[in-house]
Amino acid sequence: MRITELFNDGQFVVTAEVGPPKGIDCSHVVKEAKEYLSGIHAVNVTDNQSSVMRMGSLPVCVAMKNAGLTPILQLTCRDRNRIALQSELLGAAMLGIDNILCLTGDHTRMGDHPGAKPVFDLDSVSLLHTVSQLEKGVDLAGNELVGEAPKFAKGAVVSPCSDSVDAQLAKMERKVMAGAEYFQTQAVFDSEKFISFMEKAKQFGKPVQLGVIIPKSAGMCKFMNNNVAGVHVPQHMIDALAADKERAKAGITSVEIAAQIIKECRPYCQGLHIMALGWEDKVPELIKLAGL
Amino acid sequence: MLITELKSKEILDSLTQGKVFIINCHGCKEVSFPEKEAEEFEKALGDKVTGILTTDYVCNIDNLPLRLEKHAAAIEAADTVLVLSCGVGVQTVAEHLPGKRVCAACDTYALPGHQGVTPLEHECDQCGQCYLNITGGTCPITACSKSLVNGQCGGAKNGMCEVDPTMECGWERIMRKLKQVDRLDVLKCPIQLRQYNK
């Protein structure tokens, strides 16, 4: 099922993301997703996230689908040129994977193979354009596809709390031009910033899912503030996590913080995207506390 | 060696809607410049042209300010400063005329051999699809770690590139210039796709 149908239906669409393993056994990832994420609408499967080599997104998407979940194939432009990306998309369609999220991808230097060649033949915008072409029954070079054309729910990302909101909005508009049908955001900790971003982004008329990370500790928040683009955790949240280490360790404060952000932002967006980063078991509690 | 070639008539027409000041760079001798075609093109523009500066080494930042100063009135009267040079020349002029719309009239192609004498501040990748007209005179191929041609990625932190925190994000520079010359509308241009067979 394409998640665009849920948005069209007026539903508040909830997704979460999981990362494939660095190995050949993905049963643990699937088991966890089945246990903790079967109550939500769909599960993103990351594509060598943070440029760290792992099993590919597509085989794990298929395993998720076989387990009864709705997977979203994340596709980055870092490791494949336009031929490989189109080939992957045709394969995904054949395997019944019809939700995708198109990203440029982190640079190879940021990951565990810093000497790898960064491809970036396409970027998130031209990848979305490529998918739109395939859906019309032609490839990027204009050659006709044989038989039925693929059809995907085409997702993209945007970073509402970036230092350069104008640049983000300009890129978001280009993604819409290229065919993006829904957006998932970078993690939001500042509701006011997100709400003011949504005031500007609503002109594009596409559903936006609020991105939320469950903050594990004060240290993790400080690390993100110093190193992760577009993420800024306010000091009062860091203080709350530092104040009671036992509650923080048990994830109680963390889930409360995330639920509060969701409650504040919910009236301004069309869905939620949870980046649990290993805390998938906290997702059901978060959903409950956020009143979803 | 490198070759500069005039952009298509359609693009040149779109760049010369208002008054134009022209800078021809007869460059380093490693650059093959389309002198005849440039002359015909400039002649056809007639009274749209407020002035022409033909020189060598536009990228020489010791001489450029003086050369531009001589033509200050004609540059002021123009809506667009059109530079016929390799990408380095266009970027150097754009930097020295911060409030002005500076456009590239040429695409630059690479040939084997010595690549000419250029300053370190700017680079031209000789991609054959010069993007400087949609990026306010900052090259997205050389100033962005991912060479992105459709806008900024989500990886800039405090205006710096995540790949090299000592380098300002190229798209920050691009956005700043486009705001300065009130040309953010160019980002609504068609989806850009690089062609590596050029």
# chains A, B, ... in the order shown; residues from 1 in each chain; ligands from 1
>>> closest_atom_pairs(of="chain A", to="chain B", cutoff="8 Å", atoms="only C-alpha atoms", output="CSV")
residue,atom,partner,partner_atom,distance
A:Thr104,CA,B:Cys153,CA,7.3
A:Asp106,CA,B:Gly155,CA,7.6
A:His107,CA,B:Val163,CA,6.9
A:Arg109,CA,B:Val163,CA,6.5
A:Met110,CA,B:Val163,CA,6.8
A:Pro118,CA,B:Lys146,CA,7.7
A:Phe120,CA,B:Lys146,CA,6.4
A:Asp121,CA,B:Arg194,CA,7.4
A:Leu122,CA,B:Leu193,CA,7.1
A:Asp123,CA,B:Leu148,CA,6.7
A:Val125,CA,B:Asn150,CA,6.5
A:Ser126,CA,B:Ile191,CA,6.4
A:His129,CA,B:Ile191,CA,7.6
A:Val158,CA,B:Gly154,CA,7.4
A:Ser159,CA,B:Gly154,CA,6.3
A:Ser162,CA,B:Gly154,CA,7.4
A:Asp163,CA,B:Asn158,CA,6.4
A:Ser164,CA,B:Glu172,CA,7.6
A:Ala167,CA,B:Gln152,CA,6.3
A:Gln168,CA,B:Gln152,CA,7.1
A:Ala170,CA,B:Leu187,CA,6.8
A:Lys171,CA,B:Gly151,CA,5.5
A:Glu173,CA,B:Lys188,CA,7.9
A:Arg174,CA,B:Lys188,CA,6.8
A:Ala178,CA,B:Ile191,CA,7.1
A:Asn227,CA,B:Lys157,CA,7.6
A:Val228,CA,B:Lys157,CA,7.2
A:Ala229,CA,B:Lys157,CA,4.7
A:Gly230,CA,B:Gly154,CA,6.9
>>> closest_atom_pairs(of="region 27-131 of chain A", to="region 278-284 of chain A", cutoff="9 Å", atoms="only C-alpha atoms", output="tab-separated table")
residue	atom	partner	partner_atom	distance
A:Glu32	CA	A:Glu280	CA	7.2
A:Ala33	CA	A:Glu280	CA	7.5
A:Glu35	CA	A:Asp281	CA	8.1
A:Tyr36	CA	A:Asp281	CA	5.6
A:Leu37	CA	A:Val283	CA	7.2
A:Gly39	CA	A:Pro284	CA	7.7
A:Ile40	CA	A:Pro284	CA	8.9
>>> write_last_selection(atoms="N, CA and C atoms", output="PDB file, in the first residue's frame")
ATOM      1  N   GLU A  32      12.200  -7.043  15.769  1.00  0.00           N
ATOM      2  CA  GLU A  32      11.965  -5.819  16.555  1.00  0.00           C
ATOM      3  C   GLU A  32      10.885  -4.947  15.915  1.00  0.00           C
ATOM      4  N   ALA A  33      10.963  -4.819  14.608  1.00  0.00           N
ATOM      5  CA  ALA A  33       9.978  -3.990  13.899  1.00  0.00           C
ATOM      6  C   ALA A  33       8.583  -4.577  14.072  1.00  0.00           C
ATOM      7  N   GLU A  35       7.567  -6.446  16.489  1.00  0.00           N
ATOM      8  CA  GLU A  35       7.151  -6.356  17.886  1.00  0.00           C
ATOM      9  C   GLU A  35       6.728  -4.936  18.278  1.00  0.00           C
ATOM     10  N   TYR A  36       7.495  -3.951  17.850  1.00  0.00           N
ATOM     11  CA  TYR A  36       7.264  -2.593  18.352  1.00  0.00           C
ATOM     12  C   TYR A  36       6.660  -1.631  17.328  1.00  0.00           C
ATOM     13  N   LEU A  37       6.769  -1.956  16.030  1.00  0.00           N
ATOM     14  CA  LEU A  37       6.354  -0.980  15.020  1.00  0.00           C
ATOM     15  C   LEU A  37       5.147  -1.429  14.205  1.00  0.00           C
ATOM     16  N   GLY A  39       2.172  -1.337  15.031  1.00  0.00           N
ATOM     17  CA  GLY A  39       1.023  -0.452  15.252  1.00  0.00           C
ATOM     18  C   GLY A  39       1.068   0.830  14.432  1.00  0.00           C
ATOM     19  N   ILE A  40       2.198   1.094  13.769  1.00  0.00           N
ATOM     20  CA  ILE A  40       2.290   2.332  12.992  1.00  0.00           C
ATOM     21  C   ILE A  40       2.089   2.023  11.505  1.00  0.00           C
TER      22      ILE A  40
END
>>> atom_distance(atom1="CA of Ser57 (chain A)", atom2="CA of Val45 (chain A)")
5.6 Å
>>> select_by_dssp(residues="region 14-240 of chain A", states="helix (DSSP H, G or I)", output="ChimeraX atom specification")
/A:27-36,49-51,57-66,82-94,108-110,124-135,165-178,191-204,218-227,235-240
>>> residues_around(residues="Ser217 (chain A)", least_positions_apart="6", cutoff="12 Å", atoms="only C-alpha atoms", output="ChimeraX atom specification")
/A:223-224,233,237-255,257
>>> write_last_selection(atoms="N, CA and C atoms", output="PDB file, in the first residue's frame")
ATOM      1  N   PHE A 223      26.040  16.188  21.793  1.00  0.00           N
ATOM      2  CA  PHE A 223      26.738  15.707  20.599  1.00  0.00           C
ATOM      3  C   PHE A 223      25.996  16.161  19.332  1.00  0.00           C
ATOM      4  N   MET A 224      24.661  16.000  19.361  1.00  0.00           N
ATOM      5  CA  MET A 224      23.878  16.400  18.181  1.00  0.00           C
ATOM      6  C   MET A 224      23.988  17.901  17.938  1.00  0.00           C
ATOM      7  N   VAL A 233      18.988  20.979  20.181  1.00  0.00           N
ATOM      8  CA  VAL A 233      18.208  20.627  21.364  1.00  0.00           C
ATOM      9  C   VAL A 233      18.315  21.787  22.360  1.00  0.00           C
ATOM     10  N   MET A 237      15.820  21.066  27.782  1.00  0.00           N
ATOM     11  CA  MET A 237      15.639  19.621  27.580  1.00  0.00           C
ATOM     12  C   MET A 237      16.885  18.862  28.036  1.00  0.00           C
ATOM     13  N   ILE A 238      18.043  19.449  27.735  1.00  0.00           N
ATOM     14  CA  ILE A 238      19.301  18.822  28.163  1.00  0.00           C
ATOM     15  C   ILE A 238      19.342  18.780  29.694  1.00  0.00           C
ATOM     16  N   ASP A 239      18.927  19.879  30.317  1.00  0.00           N
ATOM     17  CA  ASP A 239      18.907  19.946  31.782  1.00  0.00           C
ATOM     18  C   ASP A 239      17.965  18.888  32.360  1.00  0.00           C
ATOM     19  N   ALA A 240      16.801  18.745  31.750  1.00  0.00           N
ATOM     20  CA  ALA A 240      15.823  17.769  32.249  1.00  0.00           C
ATOM     21  C   ALA A 240      16.390  16.355  32.188  1.00  0.00           C
ATOM     22  N   LEU A 241      17.128  16.056  31.096  1.00  0.00           N
ATOM     23  CA  LEU A 241      17.727  14.728  30.963  1.00  0.00           C
ATOM     24  C   LEU A 241      18.858  14.527  31.974  1.00  0.00           C
ATOM     25  N   ALA A 242      19.588  15.614  32.263  1.00  0.00           N
ATOM     26  CA  ALA A 242      20.720  15.517  33.184  1.00  0.00           C
ATOM     27  C   ALA A 242      20.253  15.464  34.643  1.00  0.00           C
ATOM     28  N   ALA A 243      19.076  16.046  34.920  1.00  0.00           N
ATOM     29  CA  ALA A 243      18.597  16.197  36.298  1.00  0.00           C
ATOM     30  C   ALA A 243      18.381  14.854  36.999  1.00  0.00           C
ATOM     31  N   ASP A 244      17.721  13.937  36.313  1.00  0.00           N
ATOM     32  CA  ASP A 244      17.418  12.653  36.945  1.00  0.00           C
ATOM     33  C   ASP A 244      17.947  11.540  36.051  1.00  0.00           C
ATOM     34  N   LYS A 245      19.141  11.104  36.324  1.00  0.00           N
ATOM     35  CA  LYS A 245      19.822  10.134  35.449  1.00  0.00           C
ATOM     36  C   LYS A 245      19.084   8.796  35.378  1.00  0.00           C
ATOM     37  N   GLU A 246      18.477   8.402  36.481  1.00  0.00           N
ATOM     38  CA  GLU A 246      17.773   7.115  36.499  1.00  0.00           C
ATOM     39  C   GLU A 246      16.561   7.129  35.561  1.00  0.00           C
ATOM     40  N   ARG A 247      15.779   8.228  35.664  1.00  0.00           N
ATOM     41  CA  ARG A 247      14.598   8.367  34.783  1.00  0.00           C
ATOM     42  C   ARG A 247      15.035   8.450  33.319  1.00  0.00           C
ATOM     43  N   ALA A 248      16.147   9.188  33.095  1.00  0.00           N
ATOM     44  CA  ALA A 248      16.645   9.348  31.731  1.00  0.00           C
ATOM     45  C   ALA A 248      17.103   8.006  31.181  1.00  0.00           C
ATOM     46  N   LYS A 249      17.824   7.252  32.008  1.00  0.00           N
ATOM     47  CA  LYS A 249      18.351   5.959  31.603  1.00  0.00           C
ATOM     48  C   LYS A 249      17.221   5.000  31.247  1.00  0.00           C
ATOM     49  N   ALA A 250      16.140   5.078  32.017  1.00  0.00           N
ATOM     50  CA  ALA A 250      14.988   4.214  31.745  1.00  0.00           C
ATOM     51  C   ALA A 250      14.178   4.723  30.547  1.00  0.00           C
ATOM     52  N   GLY A 251      14.556   5.902  30.042  1.00  0.00           N
ATOM     53  CA  GLY A 251      13.869   6.438  28.864  1.00  0.00           C
ATOM     54  C   GLY A 251      12.612   7.214  29.179  1.00  0.00           C
ATOM     55  N   ILE A 252      12.325   7.379  30.480  1.00  0.00           N
ATOM     56  CA  ILE A 252      11.054   8.028  30.848  1.00  0.00           C
ATOM     57  C   ILE A 252      11.066   9.501  30.447  1.00  0.00           C
ATOM     58  N   THR A 253      12.110  10.229  30.853  1.00  0.00           N
ATOM     59  CA  THR A 253      12.217  11.646  30.502  1.00  0.00           C
ATOM     60  C   THR A 253      12.287  11.799  28.982  1.00  0.00           C
ATOM     61  N   SER A 254      13.054  10.924  28.340  1.00  0.00           N
ATOM     62  CA  SER A 254      13.240  11.001  26.885  1.00  0.00           C
ATOM     63  C   SER A 254      11.903  10.930  26.156  1.00  0.00           C
ATOM     64  N   VAL A 255      11.098   9.945  26.543  1.00  0.00           N
ATOM     65  CA  VAL A 255       9.803   9.758  25.879  1.00  0.00           C
ATOM     66  C   VAL A 255       8.878  10.943  26.180  1.00  0.00           C
ATOM     67  N   ILE A 257       9.795  14.057  26.701  1.00  0.00           N
ATOM     68  CA  ILE A 257      10.238  15.190  25.873  1.00  0.00           C
ATOM     69  C   ILE A 257       9.713  15.034  24.447  1.00  0.00           C
TER      70      ILE A 257
END
>>> residues_around(residues="Glu40 (chain B)", least_positions_apart="5", cutoff="12 Å", atoms="only C-alpha atoms", output="list in words")
Leu6, Lys9, Pro34, Glu35, Leu45 and Gly46 of chain B
>>> closest_residue(among="B:Gly51, B:Pro165, B:Gly170, B:Gly113", to="Gly137 (chain B)", atoms="only C-alpha atoms")
B:Gly170
>>> residues_around(residues="Leu89 (chain A)", least_positions_apart="3", cutoff="12 Å", atoms="only C-alpha atoms", output="PDB file with N, CA, C and O atoms, in the first residue's frame")
ATOM      1  N   SER A  57      19.090  -1.519   1.554  1.00  0.00           N
ATOM      2  CA  SER A  57      17.728  -1.214   1.990  1.00  0.00           C
ATOM      3  C   SER A  57      16.700  -2.164   1.353  1.00  0.00           C
ATOM      4  O   SER A  57      15.777  -2.629   2.022  1.00  0.00           O
ATOM      5  N   LEU A  58      16.892  -2.450   0.071  1.00  0.00           N
ATOM      6  CA  LEU A  58      15.869  -3.225  -0.654  1.00  0.00           C
ATOM      7  C   LEU A  58      15.620  -4.630  -0.085  1.00  0.00           C
ATOM      8  O   LEU A  58      14.462  -4.984   0.180  1.00  0.00           O
ATOM      9  N   LEU A  73      11.322   2.355   1.119  1.00  0.00           N
ATOM     10  CA  LEU A  73      12.700   2.180   0.646  1.00  0.00           C
ATOM     11  C   LEU A  73      13.403   3.532   0.608  1.00  0.00           C
ATOM     12  O   LEU A  73      12.996   4.427  -0.131  1.00  0.00           O
ATOM     13  N   GLN A  74      14.435   3.700   1.445  1.00  0.00           N
ATOM     14  CA  GLN A  74      15.241   4.924   1.349  1.00  0.00           C
ATOM     15  C   GLN A  74      16.293   4.718   0.265  1.00  0.00           C
ATOM     16  O   GLN A  74      16.908   3.649   0.186  1.00  0.00           O
ATOM     17  N   LEU A  75      16.450   5.728  -0.544  1.00  0.00           N
ATOM     18  CA  LEU A  75      17.342   5.612  -1.698  1.00  0.00           C
ATOM     19  C   LEU A  75      18.221   6.860  -1.740  1.00  0.00           C
ATOM     20  O   LEU A  75      17.711   7.975  -1.850  1.00  0.00           O
ATOM     21  N   THR A  76      19.530   6.680  -1.620  1.00  0.00           N
ATOM     22  CA  THR A  76      20.431   7.837  -1.680  1.00  0.00           C
ATOM     23  C   THR A  76      21.239   7.823  -2.985  1.00  0.00           C
ATOM     24  O   THR A  76      21.347   6.790  -3.647  1.00  0.00           O
ATOM     25  N   ARG A  80      25.421   5.217  -6.056  1.00  0.00           N
ATOM     26  CA  ARG A  80      25.002   4.674  -7.343  1.00  0.00           C
ATOM     27  C   ARG A  80      24.799   5.787  -8.357  1.00  0.00           C
ATOM     28  O   ARG A  80      24.268   6.852  -8.011  1.00  0.00           O
ATOM     29  N   ARG A  82      23.089   7.113 -12.158  1.00  0.00           N
ATOM     30  CA  ARG A  82      21.687   7.129 -12.610  1.00  0.00           C
ATOM     31  C   ARG A  82      21.250   5.783 -13.182  1.00  0.00           C
ATOM     32  O   ARG A  82      20.082   5.440 -13.121  1.00  0.00           O
ATOM     33  N   ILE A  83      22.166   5.026 -13.715  1.00  0.00           N
ATOM     34  CA  ILE A  83      21.800   3.710 -14.268  1.00  0.00           C
ATOM     35  C   ILE A  83      21.446   2.759 -13.118  1.00  0.00           C
ATOM     36  O   ILE A  83      20.391   2.111 -13.121  1.00  0.00           O
ATOM     37  N   ALA A  84      22.314   2.718 -12.111  1.00  0.00           N
ATOM     38  CA  ALA A  84      22.086   1.807 -10.978  1.00  0.00           C
ATOM     39  C   ALA A  84      20.836   2.196 -10.190  1.00  0.00           C
ATOM     40  O   ALA A  84      20.084   1.323  -9.737  1.00  0.00           O
ATOM     41  N   LEU A  85      20.602   3.497 -10.033  1.00  0.00           N
ATOM     42  CA  LEU A  85      19.418   3.929  -9.273  1.00  0.00           C
ATOM     43  C   LEU A  85      18.132   3.533  -9.982  1.00  0.00           C
ATOM     44  O   LEU A  85      17.194   3.031  -9.365  1.00  0.00           O
ATOM     45  N   GLN A  86      18.102   3.736 -11.294  1.00  0.00           N
ATOM     46  CA  GLN A  86      16.889   3.370 -12.037  1.00  0.00           C
ATOM     47  C   GLN A  86      16.672   1.867 -12.005  1.00  0.00           C
ATOM     48  O   GLN A  86      15.547   1.384 -11.860  1.00  0.00           O
ATOM     49  N   ALA A  92      12.721  -2.737  -7.261  1.00  0.00           N
ATOM     50  CA  ALA A  92      11.851  -2.500  -6.105  1.00  0.00           C
ATOM     51  C   ALA A  92      10.391  -2.655  -6.506  1.00  0.00           C
ATOM     52  O   ALA A  92       9.597  -3.306  -5.808  1.00  0.00           O
ATOM     53  N   ALA A  93      10.039  -2.078  -7.646  1.00  0.00           N
ATOM     54  CA  ALA A  93       8.646  -2.155  -8.111  1.00  0.00           C
ATOM     55  C   ALA A  93       8.252  -3.607  -8.364  1.00  0.00           C
ATOM     56  O   ALA A  93       7.153  -4.041  -8.007  1.00  0.00           O
ATOM     57  N   MET A  94       9.178  -4.372  -8.949  1.00  0.00           N
ATOM     58  CA  MET A  94       8.901  -5.780  -9.229  1.00  0.00           C
ATOM     59  C   MET A  94       8.648  -6.548  -7.928  1.00  0.00           C
ATOM     60  O   MET A  94       7.803  -7.436  -7.854  1.00  0.00           O
ATOM     61  N   LEU A  95       9.375  -6.156  -6.868  1.00  0.00           N
ATOM     62  CA  LEU A  95       9.251  -6.855  -5.581  1.00  0.00           C
ATOM     63  C   LEU A  95       8.087  -6.311  -4.736  1.00  0.00           C
ATOM     64  O   LEU A  95       7.917  -6.699  -3.584  1.00  0.00           O
ATOM     65  N   GLY A  96       7.336  -5.373  -5.297  1.00  0.00           N
ATOM     66  CA  GLY A  96       6.153  -4.861  -4.599  1.00  0.00           C
ATOM     67  C   GLY A  96       6.462  -3.778  -3.583  1.00  0.00           C
ATOM     68  O   GLY A  96       5.639  -3.468  -2.724  1.00  0.00           O
ATOM     69  N   ILE A  97       7.653  -3.189  -3.661  1.00  0.00           N
ATOM     70  CA  ILE A  97       7.999  -2.083  -2.765  1.00  0.00           C
ATOM     71  C   ILE A  97       7.565  -0.795  -3.463  1.00  0.00           C
ATOM     72  O   ILE A  97       8.151  -0.412  -4.492  1.00  0.00           O
ATOM     73  N   ASP A  98       6.554  -0.155  -2.940  1.00  0.00           N
ATOM     74  CA  ASP A  98       6.006   0.988  -3.679  1.00  0.00           C
ATOM     75  C   ASP A  98       6.039   2.297  -2.888  1.00  0.00           C
ATOM     76  O   ASP A  98       5.440   3.290  -3.299  1.00  0.00           O
ATOM     77  N   ASN A  99       6.749   2.317  -1.757  1.00  0.00           N
ATOM     78  CA  ASN A  99       6.981   3.566  -1.028  1.00  0.00           C
ATOM     79  C   ASN A  99       8.472   3.849  -1.063  1.00  0.00           C
ATOM     80  O   ASN A  99       9.268   2.971  -0.703  1.00  0.00           O
ATOM     81  N   ILE A 100       8.835   5.053  -1.485  1.00  0.00           N
ATOM     82  CA  ILE A 100      10.261   5.375  -1.501  1.00  0.00           C
ATOM     83  C   ILE A 100      10.505   6.742  -0.876  1.00  0.00           C
ATOM     84  O   ILE A 100       9.607   7.595  -0.820  1.00  0.00           O
ATOM     85  N   LEU A 101      11.718   6.931  -0.413  1.00  0.00           N
ATOM     86  CA  LEU A 101      12.147   8.216   0.125  1.00  0.00           C
ATOM     87  C   LEU A 101      13.479   8.539  -0.558  1.00  0.00           C
ATOM     88  O   LEU A 101      14.444   7.796  -0.431  1.00  0.00           O
ATOM     89  N   CYS A 102      13.473   9.650  -1.308  1.00  0.00           N
ATOM     90  CA  CYS A 102      14.649   9.994  -2.114  1.00  0.00           C
ATOM     91  C   CYS A 102      15.528  11.009  -1.392  1.00  0.00           C
ATOM     92  O   CYS A 102      15.059  12.085  -1.015  1.00  0.00           O
ATOM     93  N   LEU A 127      16.807  12.845  -8.606  1.00  0.00           N
ATOM     94  CA  LEU A 127      16.346  11.466  -8.397  1.00  0.00           C
ATOM     95  C   LEU A 127      14.809  11.420  -8.405  1.00  0.00           C
ATOM     96  O   LEU A 127      14.210  10.539  -9.035  1.00  0.00           O
ATOM     97  N   LEU A 128      14.182  12.391  -7.737  1.00  0.00           N
ATOM     98  CA  LEU A 128      12.709  12.450  -7.755  1.00  0.00           C
ATOM     99  C   LEU A 128      12.206  12.629  -9.191  1.00  0.00           C
ATOM    100  O   LEU A 128      11.232  12.006  -9.614  1.00  0.00           O
ATOM    101  N   THR A 130      13.735  11.642 -11.843  1.00  0.00           N
ATOM    102  CA  THR A 130      13.962  10.359 -12.518  1.00  0.00           C
ATOM    103  C   THR A 130      12.810   9.393 -12.236  1.00  0.00           C
ATOM    104  O   THR A 130      12.309   8.719 -13.143  1.00  0.00           O
ATOM    105  N   VAL A 131      12.387   9.345 -10.959  1.00  0.00           N
ATOM    106  CA  VAL A 131      11.281   8.449 -10.594  1.00  0.00           C
ATOM    107  C   VAL A 131      10.014   8.870 -11.355  1.00  0.00           C
ATOM    108  O   VAL A 131       9.275   8.026 -11.886  1.00  0.00           O
ATOM    109  N   SER A 132       9.782  10.169 -11.426  1.00  0.00           N
ATOM    110  CA  SER A 132       8.607  10.667 -12.147  1.00  0.00           C
ATOM    111  C   SER A 132       8.652  10.252 -13.618  1.00  0.00           C
ATOM    112  O   SER A 132       7.624   9.931 -14.215  1.00  0.00           O
ATOM    113  N   GLN A 133       9.859  10.263 -14.192  1.00  0.00           N
ATOM    114  CA  GLN A 133      10.001   9.829 -15.589  1.00  0.00           C
ATOM    115  C   GLN A 133       9.656   8.353 -15.720  1.00  0.00           C
ATOM    116  O   GLN A 133       8.914   7.957 -16.614  1.00  0.00           O
ATOM    117  N   LEU A 134      10.205   7.530 -14.810  1.00  0.00           N
ATOM    118  CA  LEU A 134       9.932   6.080 -14.866  1.00  0.00           C
ATOM    119  C   LEU A 134       8.430   5.819 -14.774  1.00  0.00           C
ATOM    120  O   LEU A 134       7.894   4.936 -15.449  1.00  0.00           O
ATOM    121  N   GLU A 135       7.765   6.623 -13.941  1.00  0.00           N
ATOM    122  CA  GLU A 135       6.316   6.432 -13.783  1.00  0.00           C
ATOM    123  C   GLU A 135       5.555   6.776 -15.071  1.00  0.00           C
ATOM    124  O   GLU A 135       4.436   6.320 -15.274  1.00  0.00           O
ATOM    125  N   ASP A 139      12.681   6.056 -19.300  1.00  0.00           N
ATOM    126  CA  ASP A 139      13.811   6.242 -18.382  1.00  0.00           C
ATOM    127  C   ASP A 139      14.364   7.655 -18.512  1.00  0.00           C
ATOM    128  O   ASP A 139      13.848   8.466 -19.301  1.00  0.00           O
ATOM    129  N   ALA A 149       4.381   0.566 -16.337  1.00  0.00           N
ATOM    130  CA  ALA A 149       5.301   1.499 -15.660  1.00  0.00           C
ATOM    131  C   ALA A 149       5.152   1.344 -14.150  1.00  0.00           C
ATOM    132  O   ALA A 149       4.075   1.023 -13.659  1.00  0.00           O
ATOM    133  N   PRO A 150       6.241   1.584 -13.406  1.00  0.00           N
ATOM    134  CA  PRO A 150       6.138   1.484 -11.936  1.00  0.00           C
ATOM    135  C   PRO A 150       5.353   2.661 -11.368  1.00  0.00           C
ATOM    136  O   PRO A 150       5.210   3.689 -12.023  1.00  0.00           O
ATOM    137  N   LYS A 151       4.849   2.492 -10.156  1.00  0.00           N
ATOM    138  CA  LYS A 151       4.176   3.604  -9.471  1.00  0.00           C
ATOM    139  C   LYS A 151       4.590   3.580  -8.008  1.00  0.00           C
ATOM    140  O   LYS A 151       4.463   2.558  -7.344  1.00  0.00           O
ATOM    141  N   PHE A 152       5.117   4.712  -7.566  1.00  0.00           N
ATOM    142  CA  PHE A 152       5.597   4.807  -6.176  1.00  0.00           C
ATOM    143  C   PHE A 152       4.916   5.957  -5.447  1.00  0.00           C
ATOM    144  O   PHE A 152       4.466   6.919  -6.078  1.00  0.00           O
ATOM    145  N   LYS A 154       6.160   8.921  -3.643  1.00  0.00           N
ATOM    146  CA  LYS A 154       7.501   9.513  -3.692  1.00  0.00           C
ATOM    147  C   LYS A 154       7.719  10.493  -2.536  1.00  0.00           C
ATOM    148  O   LYS A 154       7.111  11.557  -2.499  1.00  0.00           O
TER     149      LYS A 154
END
>>> atom_distance(atom1="CA of Lys100 (chain B)", atom2="CA of Arg183 (chain B)")
10.5 Å
>>> atom_distance(atom1="CA of Val119 (chain A)", atom2="CA of Gln209 (chain A)")
28.4 Å
>>> residues_around(residues="region 265-276 of chain A", least_positions_apart="6", cutoff="8 Å", atoms="only C-alpha atoms", output="number ranges by chain")
A: 7, 11-18, 184-185, 187, 191, 194-195, 198, 207-214, 282-283
>>> residues_around(residues="Glu37 (chain B)", least_positions_apart="3", cutoff="12 Å", atoms="only C-alpha atoms", output="list of chain:residue names")
B:Thr4, B:Glu5, B:Leu6, B:Lys7, B:Ser8, B:Lys9, B:Asn24, B:Phe33, B:Pro34, B:Glu40, B:Phe41, B:Glu42, B:Lys43, B:Ala44, B:Leu84, B:Ala105, B:Cys106
>>> select_by_dssp(residues="region 17-242 of chain A", states="strand (DSSP E or B)", output="number ranges by chain")
A: 17-18, 42-45, 71-76, 99-103, 138, 144, 153-158, 182-187, 208-213
>>> closest_atom_pairs(of="region 68-107 of chain B", to="region 59-64 of chain B", cutoff="8 Å", atoms="only C-alpha atoms", output="Markdown table")
| residue | atom | partner | partner_atom | distance |
| --- | --- | --- | --- | --- |
| B:Leu68 | CA | B:Leu64 | CA | 6.1 |
| B:Val88 | CA | B:Cys59 | CA | 6.4 |
| B:Gly89 | CA | B:Cys59 | CA | 4.8 |
| B:Thr92 | CA | B:Cys59 | CA | 5.6 |
| B:Val93 | CA | B:Cys59 | CA | 7.6 |
>>> write_last_selection(atoms="all heavy atoms", output="short mmCIF file (atom, residue, chain, number, x, y, z; two decimals), in the first residue's frame")
data_model
loop_
_atom_site.label_atom_id
_atom_site.label_comp_id
_atom_site.auth_asym_id
_atom_site.auth_seq_id
_atom_site.Cartn_x
_atom_site.Cartn_y
_atom_site.Cartn_z
N LEU B 68 37.84 47.56 -13.62
CA LEU B 68 36.39 47.76 -13.46
C LEU B 68 36.09 49.22 -13.13
O LEU B 68 35.09 49.78 -13.59
CB LEU B 68 35.84 46.85 -12.35
CG LEU B 68 35.86 45.34 -12.62
CD1 LEU B 68 35.38 44.58 -11.39
CD2 LEU B 68 34.99 44.98 -13.82
N VAL B 88 36.39 30.65 -13.95
CA VAL B 88 37.17 31.37 -12.93
C VAL B 88 36.98 32.86 -13.12
O VAL B 88 36.77 33.61 -12.15
CB VAL B 88 38.66 30.98 -13.01
CG1 VAL B 88 39.48 31.81 -12.02
CG2 VAL B 88 38.84 29.51 -12.73
N GLY B 89 37.02 33.33 -14.37
CA GLY B 89 36.85 34.76 -14.65
C GLY B 89 35.49 35.25 -14.17
O GLY B 89 35.39 36.31 -13.53
N THR B 92 35.35 35.52 -10.41
CA THR B 92 36.15 36.63 -9.90
C THR B 92 35.41 37.95 -10.08
O THR B 92 35.36 38.78 -9.16
CB THR B 92 37.52 36.68 -10.62
OG1 THR B 92 38.08 35.38 -10.63
CG2 THR B 92 38.48 37.62 -9.92
N VAL B 93 34.80 38.14 -11.25
CA VAL B 93 34.05 39.38 -11.49
C VAL B 93 32.85 39.44 -10.53
O VAL B 93 32.58 40.48 -9.92
CB VAL B 93 33.57 39.46 -12.96
CG1 VAL B 93 32.65 40.66 -13.16
CG2 VAL B 93 34.76 39.54 -13.91
#
